[in-house]
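Shown below: target-v7.tsv, with TSV, C-alpha atoms and all ligand atoms.
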chain	number	residue	atom	x	y	z
A	192	MET	CA	-0.87	-38.66	-45.50
A	193	SER	CA	-4.22	-40.20	-46.52
A	194	ASP	CA	-5.11	-43.40	-44.67
A	195	PRO	CA	-1.54	-44.58	-44.17
A	196	ALA	CA	-2.74	-48.00	-42.97
A	197	ALA	CA	-4.54	-48.88	-46.23
A	198	ASN	CA	-1.62	-50.76	-47.85
A	199	ALA	CA	0.63	-50.92	-44.84
A	200	PRO	CA	1.95	-54.17	-43.48
A	201	HIS	CA	0.36	-54.98	-40.11
A	202	HIS	CA	3.56	-56.52	-38.72
A	203	VAL	CA	7.06	-55.46	-39.78
A	204	ALA	CA	10.16	-57.32	-38.60
A	205	ILE	CA	13.61	-55.78	-38.97
A	206	ILE	CA	17.16	-57.11	-38.89
A	207	MET	CA	19.06	-54.00	-37.84
A	208	ASP	CA	22.41	-54.70	-39.49
A	209	GLY	CA	25.44	-52.52	-40.15
A	210	ASN	CA	26.12	-50.69	-36.88
A	211	GLY	CA	29.69	-52.00	-36.74
A	212	ARG	CA	30.46	-51.00	-40.35
A	213	TRP	CA	28.96	-47.55	-39.81
A	214	ALA	CA	31.34	-46.98	-36.87
A	215	GLN	CA	34.32	-48.54	-38.65
A	216	GLN	CA	33.85	-46.27	-41.68
A	217	ARG	CA	34.21	-43.31	-39.31
A	218	GLY	CA	37.10	-44.68	-37.27
A	219	LEU	CA	34.82	-44.96	-34.22
A	220	PRO	CA	34.42	-47.80	-31.72
A	221	ARG	CA	31.66	-50.28	-32.67
A	222	LEU	CA	29.60	-49.17	-29.67
A	223	LYS	CA	29.19	-45.74	-31.26
A	224	GLY	CA	27.53	-47.51	-34.16
A	225	HIS	CA	25.11	-49.21	-31.78
A	226	GLU	CA	24.37	-45.84	-30.12
A	227	GLN	CA	23.52	-44.32	-33.50
A	228	GLY	CA	21.54	-47.48	-34.21
A	229	ALA	CA	19.46	-46.80	-31.11
A	230	GLU	CA	18.59	-43.39	-32.65
A	231	SER	CA	17.36	-45.25	-35.73
A	232	VAL	CA	15.20	-47.43	-33.47
A	233	ARG	CA	13.55	-44.28	-32.13
A	234	ALA	CA	13.09	-42.84	-35.65
A	235	VAL	CA	11.68	-46.08	-37.05
A	236	MET	CA	9.25	-46.49	-34.14
A	237	LYS	CA	7.77	-43.11	-35.07
A	238	ALA	CA	7.85	-43.79	-38.82
A	239	ALA	CA	6.15	-47.16	-38.35
A	240	ARG	CA	3.42	-45.48	-36.31
A	241	ASP	CA	2.95	-42.81	-39.00
A	242	HIS	CA	2.63	-45.48	-41.69
A	243	GLY	CA	-0.01	-47.41	-39.77
A	244	VAL	CA	2.17	-50.38	-38.80
A	245	ARG	CA	0.77	-52.04	-35.66
A	246	ILE	CA	3.55	-54.45	-34.72
A	247	LEU	CA	7.27	-53.79	-35.03
A	248	THR	CA	9.67	-56.62	-34.19
A	249	LEU	CA	13.36	-55.71	-33.94
A	250	TYR	CA	16.27	-58.15	-33.88
A	251	ALA	CA	18.26	-56.42	-31.14
A	252	PHE	CA	20.54	-59.24	-29.93
A	253	SER	CA	20.89	-62.76	-31.25
A	254	VAL	CA	21.96	-65.92	-29.41
A	255	GLU	CA	25.07	-65.79	-31.61
A	256	ASN	CA	25.89	-62.22	-30.48
A	257	TRP	CA	27.03	-63.50	-27.07
A	258	SER	CA	30.30	-64.55	-28.77
A	259	ARG	CA	31.23	-60.91	-29.49
A	260	PRO	CA	33.95	-59.20	-27.38
A	261	ALA	CA	32.80	-58.67	-23.78
A	262	ALA	CA	33.05	-54.88	-24.06
A	263	GLU	CA	30.62	-54.84	-27.00
A	264	VAL	CA	28.20	-57.28	-25.32
A	265	ASN	CA	28.28	-55.25	-22.08
A	266	GLY	CA	27.82	-52.03	-24.04
A	267	LEU	CA	24.73	-53.40	-25.76
A	268	MET	CA	23.36	-54.75	-22.47
A	269	THR	CA	23.58	-51.28	-20.90
A	270	LEU	CA	22.41	-49.45	-24.03
A	271	LEU	CA	19.07	-51.23	-23.98
A	272	PRO	CA	17.95	-50.16	-20.46
A	273	ARG	CA	19.30	-46.64	-21.11
A	274	PHE	CA	17.24	-46.48	-24.30
A	275	LEU	CA	14.15	-47.72	-22.50
A	276	ARG	CA	14.46	-45.19	-19.69
A	277	LYS	CA	14.99	-42.34	-22.16
A	278	HIS	CA	12.22	-43.27	-24.60
A	279	GLU	CA	9.58	-45.14	-22.61
A	280	HIS	CA	7.40	-42.00	-22.76
A	281	LEU	CA	7.02	-42.68	-26.51
A	282	LEU	CA	5.47	-46.04	-25.72
A	283	HIS	CA	2.96	-44.41	-23.35
A	284	GLU	CA	2.18	-41.58	-25.78
A	285	ASN	CA	1.48	-44.02	-28.62
A	286	GLY	CA	-0.29	-46.80	-26.74
A	287	THR	CA	2.55	-49.19	-27.51
A	288	ARG	CA	3.01	-52.38	-25.55
A	289	LEU	CA	6.65	-53.45	-25.17
A	290	ARG	CA	7.32	-57.17	-25.44
A	291	ALA	CA	10.42	-59.31	-25.71
A	292	ILE	CA	11.12	-62.67	-27.32
A	293	GLY	CA	14.17	-64.86	-26.81
A	294	ARG	CA	16.01	-66.61	-24.00
A	295	LEU	CA	15.47	-63.68	-21.67
A	296	ASN	CA	16.96	-65.50	-18.67
A	297	ASP	CA	20.35	-65.15	-20.40
A	298	LEU	CA	20.20	-61.35	-20.05
A	299	PRO	CA	22.02	-59.67	-17.13
A	300	ALA	CA	19.74	-58.89	-14.18
A	301	ALA	CA	20.23	-55.13	-14.65
A	302	THR	CA	19.09	-55.35	-18.28
A	303	ARG	CA	16.10	-57.52	-17.37
A	304	LYS	CA	15.06	-55.10	-14.62
A	305	ASP	CA	14.20	-52.13	-16.88
A	306	LEU	CA	12.97	-54.41	-19.65
A	307	PHE	CA	10.48	-56.20	-17.39
A	308	ARG	CA	9.43	-52.98	-15.70
A	309	VAL	CA	8.60	-51.26	-18.99
A	310	MET	CA	6.91	-54.41	-20.32
A	311	SER	CA	4.75	-54.51	-17.24
A	312	ASP	CA	3.99	-50.75	-17.34
A	313	THR	CA	2.81	-50.98	-20.97
A	314	GLU	CA	1.07	-54.36	-20.73
A	315	SER	CA	-2.43	-52.96	-21.05
A	316	TYR	CA	-1.86	-51.11	-24.36
A	317	THR	CA	-3.48	-52.71	-27.38
A	318	GLU	CA	-2.96	-50.11	-30.14
A	319	ARG	CA	0.62	-51.07	-31.09
A	320	GLN	CA	3.34	-53.47	-30.08
A	321	LEU	CA	7.11	-53.13	-30.06
A	322	VAL	CA	8.70	-56.56	-29.83
A	323	LEU	CA	12.41	-56.81	-29.05
A	324	ALA	CA	14.17	-60.04	-29.99
A	325	LEU	CA	16.84	-60.43	-27.29
A	326	SER	CA	19.13	-63.41	-26.92
A	327	TYR	CA	16.93	-64.64	-29.73
A	328	GLY	CA	17.53	-67.38	-32.29
A	329	GLY	CA	14.97	-68.96	-34.58
A	330	ARG	CA	16.45	-72.42	-34.05
A	331	ALA	CA	16.60	-71.86	-30.28
A	332	GLU	CA	12.93	-70.84	-30.32
A	333	LEU	CA	11.93	-73.95	-32.29
A	334	THR	CA	14.09	-76.14	-30.05
A	335	ASP	CA	12.41	-74.68	-26.95
A	336	ALA	CA	9.00	-75.27	-28.55
A	337	VAL	CA	9.82	-78.88	-29.46
A	338	GLN	CA	11.09	-79.56	-25.93
A	339	ALA	CA	7.88	-78.16	-24.43
A	340	LEU	CA	5.82	-80.31	-26.81
A	341	ALA	CA	7.89	-83.41	-26.00
A	342	HIS	CA	7.24	-82.87	-22.28
A	343	ARG	CA	3.50	-82.66	-22.97
A	344	VAL	CA	3.59	-85.85	-25.03
A	345	ARG	CA	5.58	-87.68	-22.35
A	346	SER	CA	3.10	-86.66	-19.66
A	347	GLY	CA	0.26	-88.08	-21.78
A	348	GLU	CA	-1.35	-84.67	-22.14
A	349	LEU	CA	-0.78	-84.54	-25.92
A	350	ASP	CA	-1.04	-87.19	-28.61
A	351	PRO	CA	1.78	-86.87	-31.24
A	352	GLU	CA	-0.82	-87.10	-34.03
A	353	GLU	CA	-2.55	-84.00	-32.66
A	354	ILE	CA	0.53	-81.87	-33.38
A	355	GLN	CA	-0.33	-79.44	-36.18
A	356	PRO	CA	1.41	-76.24	-37.34
A	357	GLU	CA	-0.91	-74.31	-34.97
A	358	THR	CA	0.31	-76.48	-32.06
A	359	ILE	CA	3.89	-75.48	-32.84
A	360	THR	CA	2.94	-71.79	-33.16
A	361	ALA	CA	1.25	-72.07	-29.77
A	362	HIS	CA	4.60	-72.99	-28.18
A	363	LEU	CA	6.62	-70.09	-29.60
A	364	TYR	CA	7.78	-67.20	-27.39
A	365	ALA	CA	4.87	-64.91	-28.34
A	366	PRO	CA	2.24	-67.29	-29.69
A	367	ASP	CA	-0.46	-64.67	-30.10
A	368	LEU	CA	1.53	-62.47	-32.48
A	369	PRO	CA	0.51	-62.72	-36.13
A	370	ASP	CA	3.33	-63.59	-38.54
A	371	PRO	CA	5.28	-60.63	-39.94
A	372	ASP	CA	4.01	-59.43	-43.32
A	373	PHE	CA	7.26	-57.72	-44.18
A	374	MET	CA	10.87	-58.35	-43.19
A	375	ILE	CA	13.47	-55.63	-43.71
A	376	ARG	CA	17.20	-56.20	-43.40
A	377	THR	CA	19.55	-53.25	-43.63
A	378	SER	CA	23.17	-52.99	-44.79
A	379	GLY	CA	22.67	-54.80	-48.10
A	380	GLU	CA	23.25	-58.29	-46.67
A	381	GLN	CA	20.71	-60.77	-48.01
A	382	ARG	CA	20.25	-63.38	-45.28
A	383	ILE	CA	17.72	-64.03	-42.54
A	384	SER	CA	20.36	-65.06	-39.99
A	385	ASN	CA	18.26	-67.29	-37.74
A	386	PHE	CA	15.52	-64.64	-37.32
A	387	LEU	CA	11.89	-65.78	-36.90
A	388	LEU	CA	12.45	-68.93	-38.98
A	389	TRP	CA	8.92	-70.23	-38.50
A	390	GLN	CA	7.11	-66.91	-38.62
A	391	LEU	CA	8.73	-65.53	-41.80
A	392	SER	CA	7.38	-68.35	-44.01
A	393	TYR	CA	5.21	-66.06	-46.12
A	394	ALA	CA	6.73	-62.67	-45.35
A	395	GLU	CA	7.79	-60.33	-48.13
A	396	LEU	CA	11.54	-59.71	-47.84
A	397	TYR	CA	13.31	-56.42	-48.48
A	398	PHE	CA	17.03	-55.76	-48.33
A	399	ALA	CA	17.82	-52.08	-47.86
A	400	PRO	CA	21.28	-50.82	-48.83
A	401	ALA	CA	21.53	-48.35	-45.93
A	402	LEU	CA	23.46	-49.29	-42.81
A	403	TRP	CA	21.14	-49.39	-39.78
A	404	PRO	CA	22.37	-46.10	-38.22
A	405	GLU	CA	21.43	-44.40	-41.53
A	406	PHE	CA	18.04	-46.08	-41.80
A	407	ARG	CA	15.58	-43.37	-40.77
A	408	GLU	CA	12.12	-42.03	-41.79
A	409	GLU	CA	13.00	-41.64	-45.47
A	410	GLN	CA	14.44	-45.15	-45.83
A	411	PHE	CA	11.48	-46.61	-43.95
A	412	ALA	CA	9.06	-44.77	-46.27
A	413	GLU	CA	10.89	-46.26	-49.28
A	414	ALA	CA	10.53	-49.74	-47.78
A	415	MET	CA	6.79	-49.13	-47.35
A	416	ARG	CA	6.55	-48.10	-51.01
A	417	VAL	CA	8.26	-51.32	-52.04
A	418	TYR	CA	5.87	-53.34	-49.87
A	419	ALA	CA	2.84	-51.59	-51.35
A	420	GLY	CA	3.98	-52.73	-54.81
A	421	ARG	CA	4.28	-56.38	-53.85
A	422	GLN	CA	1.57	-58.96	-54.56
A	423	ARG	CA	1.17	-61.52	-51.83
A	424	ARG	CA	-0.10	-64.92	-52.90
A	425	PHE	CA	0.54	-67.23	-49.92
A	426	GLY	CA	1.17	-70.14	-52.31
A	427	GLY	CA	-2.05	-69.55	-54.26
A	428	VAL	CA	-2.61	-67.82	-57.62
A	429	THR	CA	-3.29	-64.19	-58.39
A	430	SER	CA	-6.72	-63.34	-59.72
A	431	CYS	CA	-6.59	-61.23	-62.89
B	1	LIG	C1	23.97	-55.57	-35.97
B	1	LIG	O1	24.98	-54.73	-36.49
B	1	LIG	C2	23.35	-54.98	-34.80
B	1	LIG	C3	23.35	-55.53	-33.56
B	1	LIG	C4	23.99	-56.81	-33.25
B	1	LIG	C5	22.75	-54.85	-32.41
B	1	LIG	C6	21.51	-54.05	-32.68
B	1	LIG	C7	21.38	-53.04	-31.62
B	1	LIG	C8	20.94	-51.76	-31.78
B	1	LIG	C9	20.39	-51.25	-33.04
B	1	LIG	C10	21.04	-50.79	-30.69
B	1	LIG	C11	20.07	-50.78	-29.59
B	1	LIG	C12	18.80	-51.49	-29.75
B	1	LIG	C13	17.67	-51.11	-29.11
B	1	LIG	C14	16.43	-51.90	-29.26
B	1	LIG	C15	17.64	-49.93	-28.27
B	1	LIG	P1	26.46	-55.27	-36.50
B	1	LIG	O2	27.12	-54.85	-35.24
B	1	LIG	O3	26.48	-56.74	-36.73
B	1	LIG	O4	27.04	-54.52	-37.73
B	1	LIG	P2	28.17	-55.02	-38.72
B	1	LIG	O5	27.62	-56.19	-39.47
B	1	LIG	O6	28.40	-53.83	-39.59
B	1	LIG	O7	29.37	-55.36	-37.89
Would you write the structure of this file as structure tokens?
Ligand code: FPP
Amino acid sequence: MSDPAANAPHHVAIIMDGNGRWAQQRGLPRLKGHEQGAESVRAVMKAARDHGVRILTLYAFSVENWSRPAAEVNGLMTLLPRFLRKHEHLLHENGTRLRAIGRLNDLPAATRKDLFRVMSDTESYTERQLVLALSYGGRAELTDAVQALAHRVRSGELDPEEIQPETITAHLYAPDLPDPDFMIRTSGEQRISNFLLWQLSYAELYFAPALWPEFREEQFAEAMRVYAGRQRRFGGVTSC
């Protein structure tokens, strides 16, 4: 592949949807769909690297997902550390820093343990970033940011008139991350479901028909082709 990064999005965000349907179609428990979905995570990490993507943000567990049956929630909470232990070598081999965004204190201690360990072990890598959205909600993130700003105003540290879009960005969970250029949602659903509400303002959106467990290298390559054909204007006009 010749200079894969030339037209590649710098930051890709993905809503990994359709694990449940994939399992249901096969008469399997939903957790089997999540396990296959974890294989797609591994495949897409590699594909993203090969296409020159530097930041990959994955919606792995939303604030709304806590309302799912306990067995499914517990299954997902043990799948994540298992995945990290099995695949953390990929992060080291590719200079990938693991990060997480969301209300991480909501996660069980056992899940947090491996997550924080791998985040700490990969902290110094600058080549790539894998960002997991866990107990994440866009409205929750904005609410947390507004609360932090309100505290600063109340303490006299910040004047309300000084609040600019950059001030809000500075109070998000990972303020240094550039906005995603491209947002992919699998399974054919066309919603953003409370994902990165602030950060997706100018992202190109792509809705892939494949269910997440079937979304692998080939489907990722197709998404990259679609992105390469898009013209981004950021509210301006295209020069002709
Ligand atoms: C949405 O599909 C998917 C999730 C709520 C969980 C995503 C988790 C994984 C892909 C597995 C592990 C993740 C990592 C980072 C190792 P759904 O269950 O809502 O599917 P449905 O809409 O078909 O029911």
Using all atoms listed in the file, what table do you get, as CSV, when you list each residue of chain A with an atom no more than 10 Å from ligand LIG 1 (chain B), its nearest pair of atoms, and their distance in Å rounded to one decimal, rows by chain then rising number?
residue,atom,partner,partner_atom,distance
A:Ile206,CA,B:LIG1,C1,7.6
A:Met207,CA,B:LIG1,C2,5.3
A:Asp208,CA,B:LIG1,C1,3.9
A:Gly209,CA,B:LIG1,O6,3.3
A:Asn210,CA,B:LIG1,O4,4.0
A:Gly211,CA,B:LIG1,O7,3.6
A:Arg212,CA,B:LIG1,O6,3.6
A:Trp213,CA,B:LIG1,O6,6.3
A:Ala214,CA,B:LIG1,O6,7.9
A:Gln215,CA,B:LIG1,O6,8.0
A:Gln216,CA,B:LIG1,O6,9.6
A:Arg221,CA,B:LIG1,O2,6.9
A:Leu222,CA,B:LIG1,O2,8.3
A:Lys223,CA,B:LIG1,C10,9.6
A:Gly224,CA,B:LIG1,O2,7.4
A:His225,CA,B:LIG1,C10,4.5
A:Glu226,CA,B:LIG1,C10,6.0
A:Gln227,CA,B:LIG1,C10,7.5
A:Gly228,CA,B:LIG1,C9,4.1
A:Ala229,CA,B:LIG1,C11,4.3
A:Glu230,CA,B:LIG1,C15,7.9
A:Ser231,CA,B:LIG1,C9,7.2
A:Val232,CA,B:LIG1,C13,6.2
A:Arg233,CA,B:LIG1,C15,8.0
A:Thr248,CA,B:LIG1,C14,9.6
A:Leu249,CA,B:LIG1,C14,6.8
A:Tyr250,CA,B:LIG1,C6,6.8
A:Ala251,CA,B:LIG1,C6,4.3
A:Phe252,CA,B:LIG1,C4,5.4
A:Ser253,CA,B:LIG1,C4,7.0
A:Glu255,CA,B:LIG1,C4,9.2
A:Asn256,CA,B:LIG1,C4,6.4
A:Trp257,CA,B:LIG1,C4,9.6
A:Arg259,CA,B:LIG1,C4,9.1
A:Glu263,CA,B:LIG1,O2,9.0
A:Val264,CA,B:LIG1,C4,9.0
A:Gly266,CA,B:LIG1,C10,9.6
A:Leu267,CA,B:LIG1,C11,6.6
A:Met268,CA,B:LIG1,C11,8.8
A:Thr269,CA,B:LIG1,C11,9.4
A:Leu270,CA,B:LIG1,C11,6.2
A:Leu271,CA,B:LIG1,C15,4.7
A:Pro272,CA,B:LIG1,C15,7.8
A:Arg273,CA,B:LIG1,C15,8.1
A:Phe274,CA,B:LIG1,C15,5.3
A:Leu275,CA,B:LIG1,C15,7.1
A:His278,CA,B:LIG1,C15,9.3
A:Leu321,CA,B:LIG1,C14,9.4
A:Val322,CA,B:LIG1,C14,9.0
A:Leu323,CA,B:LIG1,C14,6.3
A:Ala324,CA,B:LIG1,C14,8.5
A:Leu325,CA,B:LIG1,C14,8.8
A:Thr377,CA,B:LIG1,O1,9.1
A:Ser378,CA,B:LIG1,O6,7.4
A:Glu380,CA,B:LIG1,O5,8.7
A:Leu402,CA,B:LIG1,O6,7.4
A:Trp403,CA,B:LIG1,C9,7.0
A:Pro404,CA,B:LIG1,C9,7.6
Could you dump the residues just selected with C-alpha atoms as a compact mmCIF listing (two decimals), in the frame of the given file?
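To be explicit, this is the file written out as result_4.txt:
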# COMPACT_ATOMS: atom_id res chain seq x y z
CA ILE A 206 17.16 -57.11 -38.89
CA MET A 207 19.06 -54.00 -37.84
CA ASP A 208 22.41 -54.70 -39.49
CA GLY A 209 25.44 -52.52 -40.15
CA ASN A 210 26.12 -50.69 -36.88
CA GLY A 211 29.69 -52.00 -36.74
CA ARG A 212 30.46 -51.00 -40.35
CA TRP A 213 28.96 -47.55 -39.81
CA ALA A 214 31.34 -46.98 -36.87
CA GLN A 215 34.32 -48.54 -38.65
CA GLN A 216 33.85 -46.27 -41.68
CA ARG A 221 31.66 -50.28 -32.67
CA LEU A 222 29.60 -49.17 -29.67
CA LYS A 223 29.19 -45.74 -31.26
CA GLY A 224 27.53 -47.51 -34.16
CA HIS A 225 25.11 -49.21 -31.78
CA GLU A 226 24.37 -45.84 -30.12
CA GLN A 227 23.52 -44.32 -33.50
CA GLY A 228 21.54 -47.48 -34.21
CA ALA A 229 19.46 -46.80 -31.11
CA GLU A 230 18.59 -43.39 -32.65
CA SER A 231 17.36 -45.25 -35.73
CA VAL A 232 15.20 -47.43 -33.47
CA ARG A 233 13.55 -44.28 -32.13
CA THR A 248 9.67 -56.62 -34.19
CA LEU A 249 13.36 -55.71 -33.94
CA TYR A 250 16.27 -58.15 -33.88
CA ALA A 251 18.26 -56.42 -31.14
CA PHE A 252 20.54 -59.24 -29.93
CA SER A 253 20.89 -62.76 -31.25
CA GLU A 255 25.07 -65.79 -31.61
CA ASN A 256 25.89 -62.22 -30.48
CA TRP A 257 27.03 -63.50 -27.07
CA ARG A 259 31.23 -60.91 -29.49
CA GLU A 263 30.62 -54.84 -27.00
CA VAL A 264 28.20 -57.28 -25.32
CA GLY A 266 27.82 -52.03 -24.04
CA LEU A 267 24.73 -53.40 -25.76
CA MET A 268 23.36 -54.75 -22.47
CA THR A 269 23.58 -51.28 -20.90
CA LEU A 270 22.41 -49.45 -24.03
CA LEU A 271 19.07 -51.23 -23.98
CA PRO A 272 17.95 -50.16 -20.46
CA ARG A 273 19.30 -46.64 -21.11
CA PHE A 274 17.24 -46.48 -24.30
CA LEU A 275 14.15 -47.72 -22.50
CA HIS A 278 12.22 -43.27 -24.60
CA LEU A 321 7.11 -53.13 -30.06
CA VAL A 322 8.70 -56.56 -29.83
CA LEU A 323 12.41 -56.81 -29.05
CA ALA A 324 14.17 -60.04 -29.99
CA LEU A 325 16.84 -60.43 -27.29
CA THR A 377 19.55 -53.25 -43.63
CA SER A 378 23.17 -52.99 -44.79
CA GLU A 380 23.25 -58.29 -46.67
CA LEU A 402 23.46 -49.29 -42.81
CA TRP A 403 21.14 -49.39 -39.78
CA PRO A 404 22.37 -46.10 -38.22
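Compared by their closest atoms to Asp372 of chain A, and using only C-alpha atoms, the residues A:Leu219, A:Leu298, A:Leu306, A:Ala419 rank with A:Ala419 nearest.
Across the model, the gap from atom CA of Leu295 of chain A to atom CA of Val337 of chain A is 18.0 Å.
For the set A:Arg343, A:Arg288, A:Arg330, A:Arg423, the residue with the smallest atom-to-atom gap to Ser384 of chain A is A:Arg330, counting all atoms listed in the file.
Among the candidates A:Lys304, A:Val254, A:Ile359, A:Ala238, the one nearest to Gln338 of chain A when counting only C-alpha atoms is A:Ile359.
Note that the spacing between atom CA of Glu413 of chain A and atom CA of Tyr393 of chain A amounts to 20.8 Å.
Proximity to Tyr397 of chain A at 7 Å, evaluated using only C-alpha atoms and with sequence-adjacent residues fewer than 4 positions away removed, yields Met374, Ile375 and Arg376 of chain A.
Nearest to Ala291 of chain A of all the residues A:Gly218, A:Leu368, A:Val417, A:Glu318 is A:Leu368, based on all atoms listed in the file.
Atom CA of Gly329 of chain A is found 5.1 Å from atom CA of Leu388 of chain A.
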Do you know which residues are at most 12 Å from Ala414 of chain A counting all atoms listed in the file, after dropping those on the same chain fewer than 6 positions away, and could you put them as a PyMOL selection string?
-> chain A and resi 199-200+203-205+235+238-239+242+373-377+395-401+406-408+420-421
A:Ala336, A:Ala341, A:Ala394, A:Ala234 ranked by distance to Pro366 of chain A, top pick (using all atoms listed in the file) | A:Ala336
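Across A:Arg303, A:Tyr327, A:Lys237, A:Asp312, the tightest approach to Asn285 of chain A is made by A:Lys237 when counting only C-alpha atoms.
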If you count all atoms listed in the file, which residues fall within 9 Å of Gln390 of chain A, apart from same-chain ones fewer than 3 positions away, as an NGL selection string?
-> :A and (360 or 369-371 or 386-387 or 393-394)
Spatial neighbours of Tyr316 of chain A, max dist 12 Å, all atoms listed in the file, sep filter under 6 positions, as a list of chain:residue names | A:Arg245, A:Leu282, A:His283, A:Glu284, A:Asn285, A:Gly286, A:Thr287, A:Arg288, A:Leu289, A:Arg290, A:Val309, A:Met310
